Amino acid sequence: MEIYKQDFDVMEKEDASPLTQADLAAHRVIVSGLKTLPTPIADIPLISEEGEIPDYTKRADWEAWWLIDPLDGTKEFVKRNGEFTVNIALIVRESHGTPGIPVAGWVYAPVPKILYQGIHGEGAYRMKAGNPGPPVSLPYEKPAELPRIVASRSHRNPETETVIKAVG
């Protein structure tokens, strides 16, 4: 959050999306933090939006991996509107050739200091920094009969609008 409070440069990635020193610093902190966890957790490979992504031929044999977006919402970070998060998930593959499923995930919103945690089989929780009480259990909601569409106001484009209109 130190970078958020001061002037910073905005770079551009190959896909023309923004990149800041905060993206890179968050990546380094998360990766080094995961490496300090006990073995075998520390040995789980990772994919991070701001790191080198191994070729699929190498990843295809992974039984588990960390999936990280160290700063999701860089455009919001740049606008300083507080609508960005840090996302970390542990993905596990049930068997070779099957897609992985998230078994644990954390979404942290730094500005309001709220952490959302979900662990497969244990539920989902919301924790607010400075709250000495237990985490608040999030209720399970039956999926809606009609689909819901969630779209970022910073990423709206004609394709998104077409899908929204088609779904109704």
# chains A, B, ... in the order shown; residues from 1 in each chain; ligands from 1

$ residues_around --residues "segment 33-40 of chain A" --least-positions-apart "6" --cutoff "12 Å" --atoms "only C-alpha atoms" --output "count of residues only"
11

$ closest_atom_pairs --of "segment 11-64 of chain A" --to "segment 97-118 of chain A" --cutoff "10 Å" --atoms "only C-alpha atoms" --output "CSV"
residue,atom,partner,partner_atom,distance
A:Ala60,CA,A:Gly97,CA,7.2
A:Asp61,CA,A:Gly97,CA,8.0
A:Trp62,CA,A:Gly100,CA,9.3
A:Glu63,CA,A:Gly100,CA,8.1
A:Ala64,CA,A:Gly100,CA,7.5

$ write_last_selection --atoms "N, CA and C atoms" --output "PDB file, in the first residue's frame"
ATOM      1  N   ALA A  60       1.105 -29.615 -17.525  1.00  0.00           N
ATOM      2  CA  ALA A  60       0.102 -30.673 -17.708  1.00  0.00           C
ATOM      3  C   ALA A  60       0.235 -31.792 -16.678  1.00  0.00           C
ATOM      4  N   ASP A  61       1.421 -31.978 -16.143  1.00  0.00           N
ATOM      5  CA  ASP A  61       1.639 -33.048 -15.167  1.00  0.00           C
ATOM      6  C   ASP A  61       1.543 -32.583 -13.717  1.00  0.00           C
ATOM      7  N   TRP A  62       1.309 -31.306 -13.522  1.00  0.00           N
ATOM      8  CA  TRP A  62       1.199 -30.815 -12.152  1.00  0.00           C
ATOM      9  C   TRP A  62      -0.044 -31.397 -11.493  1.00  0.00           C
ATOM     10  N   GLU A  63       0.107 -31.871 -10.272  1.00  0.00           N
ATOM     11  CA  GLU A  63      -1.041 -32.356  -9.503  1.00  0.00           C
ATOM     12  C   GLU A  63      -1.705 -31.209  -8.748  1.00  0.00           C
ATOM     13  N   ALA A  64      -0.923 -30.200  -8.432  1.00  0.00           N
ATOM     14  CA  ALA A  64      -1.437 -29.031  -7.700  1.00  0.00           C
ATOM     15  C   ALA A  64      -0.586 -27.831  -8.075  1.00  0.00           C
TER      16      ALA A  64
END

$ atom_distance --atom1 "atom CA of Ile30 of chain A" --atom2 "atom CA of Val92 of chain A"
19.0 Å

$ closest_atom_pairs --of "segment 9-34 of chain A" --to "segment 75-84 of chain A" --cutoff "9 Å" --atoms "only C-alpha atoms" --output "tab-separated table"
residue	atom	partner	partner_atom	distance
A:Val10	CA	A:Val78	CA	7.7
A:Ser17	CA	A:Lys75	CA	8.3
A:Pro18	CA	A:Lys75	CA	6.6
A:Leu19	CA	A:Lys75	CA	8.7
A:Thr20	CA	A:Val78	CA	8.2
A:Ala22	CA	A:Phe77	CA	9.0

$ write_last_selection --atoms "N, CA and C atoms" --output "short mmCIF file (atom, residue, chain, number, x, y, z; two decimals), in the first residue's frame"
data_model
loop_
_atom_site.label_atom_id
_atom_site.label_comp_id
_atom_site.auth_asym_id
_atom_site.auth_seq_id
_atom_site.Cartn_x
_atom_site.Cartn_y
_atom_site.Cartn_z
N VAL A 10 3.23 4.00 -14.56
CA VAL A 10 2.40 2.93 -15.11
C VAL A 10 3.06 2.46 -16.40
N SER A 17 -2.18 -4.12 -21.28
CA SER A 17 -2.77 -3.85 -19.97
C SER A 17 -1.73 -3.16 -19.09
N PRO A 18 -2.19 -2.40 -18.09
CA PRO A 18 -1.25 -1.65 -17.25
C PRO A 18 -0.50 -2.54 -16.27
N LEU A 19 0.67 -2.08 -15.89
CA LEU A 19 1.52 -2.76 -14.92
C LEU A 19 2.20 -1.69 -14.08
N THR A 20 2.18 -1.89 -12.76
CA THR A 20 2.84 -0.94 -11.86
C THR A 20 3.88 -1.67 -11.01
N ALA A 22 3.66 -1.85 -7.99
CA ALA A 22 2.87 -2.56 -6.97
C ALA A 22 2.56 -3.98 -7.43
#

$ atom_distance --atom1 "atom CA of Leu138 of chain A" --atom2 "atom CA of Ile91 of chain A"
21.2 Å
